[in-house]
Amino acid sequence: MFLKTLIRCNRPFLEAVINLHQAGKIPPNSYALDLDMLAANTRVIAGEAAKYNLKVLAMTKQIGRNPAALRVLKANGIDSCVAVDVACARPVHAAGLKVGHIGHLVQV
């Protein structure tokens, strides 16, 4: 997903992940997050929303059970999340974030 953009914008992260994978340091069924980039993006999004008095809810579908990612969101200006299910809502709440919505946004 978005590999060309990742190669262009964050090649050092991609190279680090490749090296970790090839060294067997990333377990199966895992994903890697660049928490520094997440923090920077969160600050930009939260800052722009504040200019227009908008509230940002982070969609935690991929990262909702990762406490480090949730702490980064909170520390950089987002205080509410969308959790796709109760299993995601619990760590969101434990990280001190509000659960602004629970469930898939496109459920029928």
# chains A, B, ... in the order shown; residues from 1 in each chain; ligands from 1
>>> select_by_dssp(residues="chain A", states="strand (DSSP E or B)", output="list in words")
Leu57, Ala58, Met59, Ser80, Cys81, Val82, Ala83, Lys98, Val99, Gly100, His101 and Ile102 of chain A
>>> select_by_dssp(residues="chain A", states="helix (DSSP H, G or I)", output="PyMOL selection string")
chain A and resi 3-9+11-22+35-51+67-75+86-94
>>> residues_around(residues="region 48-65 of chain A", least_positions_apart="3", cutoff="9 Å", atoms="only C-alpha atoms", output="number ranges by chain")
A: 33, 43-45, 69-70, 73, 77-85, 87-92, 99-101, 104
>>> write_last_selection(atoms="C-alpha atoms", output="PDB file, in the first residue's frame")
ATOM      1  CA  LEU A  33       5.349   1.886  12.125  1.00  0.00           C
ATOM      2  CA  ARG A  43       0.801  17.399  14.572  1.00  0.00           C
ATOM      3  CA  VAL A  44       0.095  18.668  11.053  1.00  0.00           C
ATOM      4  CA  ILE A  45      -3.408  17.187  10.923  1.00  0.00           C
ATOM      5  CA  ALA A  69       1.152   4.444  18.373  1.00  0.00           C
ATOM      6  CA  LEU A  70      -1.780   5.461  20.561  1.00  0.00           C
ATOM      7  CA  LEU A  73      -1.471  10.233  18.716  1.00  0.00           C
ATOM      8  CA  GLY A  77      -2.846  16.562  19.470  1.00  0.00           C
ATOM      9  CA  ILE A  78      -5.446  13.877  18.837  1.00  0.00           C
ATOM     10  CA  ASP A  79      -7.583  12.936  21.826  1.00  0.00           C
ATOM     11  CA  SER A  80     -10.324  10.781  20.252  1.00  0.00           C
ATOM     12  CA  CYS A  81     -10.359   7.683  18.097  1.00  0.00           C
ATOM     13  CA  VAL A  82     -12.636   5.498  16.055  1.00  0.00           C
ATOM     14  CA  ALA A  83     -12.340   1.884  17.183  1.00  0.00           C
ATOM     15  CA  VAL A  84     -13.557  -0.795  14.802  1.00  0.00           C
ATOM     16  CA  ASP A  85     -14.503  -3.160  17.610  1.00  0.00           C
ATOM     17  CA  ALA A  87     -10.942  -5.247  21.133  1.00  0.00           C
ATOM     18  CA  CYS A  88      -9.616  -1.975  19.664  1.00  0.00           C
ATOM     19  CA  ALA A  89     -11.631   0.249  22.016  1.00  0.00           C
ATOM     20  CA  ARG A  90     -10.019  -1.198  25.136  1.00  0.00           C
ATOM     21  CA  PRO A  91      -6.417  -0.197  24.314  1.00  0.00           C
ATOM     22  CA  VAL A  92      -7.626   3.181  23.010  1.00  0.00           C
ATOM     23  CA  VAL A  99     -13.532   6.473  21.935  1.00  0.00           C
ATOM     24  CA  GLY A 100     -15.492   8.818  19.691  1.00  0.00           C
ATOM     25  CA  HIS A 101     -17.085   6.046  17.660  1.00  0.00           C
ATOM     26  CA  HIS A 104     -17.050   0.130  11.059  1.00  0.00           C
TER      27      HIS A 104
END
>>> closest_residue(among="A:Leu3, A:Ala40, A:Ala32, A:Ala46", to="Ala16 (chain A)", atoms="only C-alpha atoms")
A:Ala32
>>> atom_distance(atom1="CA of His21 (chain A)", atom2="CA of Ala95 (chain A)")
28.3 Å
>>> closest_residue(among="A:Gly24, A:Asn19, A:Ala39, A:Cys9", to="Ala75 (chain A)", atoms="only C-alpha atoms")
A:Ala39
>>> closest_residue(among="A:Lys74, A:Lys4, A:Lys25, A:Arg11", to="Leu38 (chain A)", atoms="only C-alpha atoms")
A:Lys74
>>> atom_distance(atom1="CA of Asn41 (chain A)", atom2="CA of Asn29 (chain A)")
25.0 Å
>>> closest_residue(among="A:Pro28, A:Asn66, A:Lys98, A:Asp34", to="Leu14 (chain A)", atoms="only C-alpha atoms")
A:Asp34
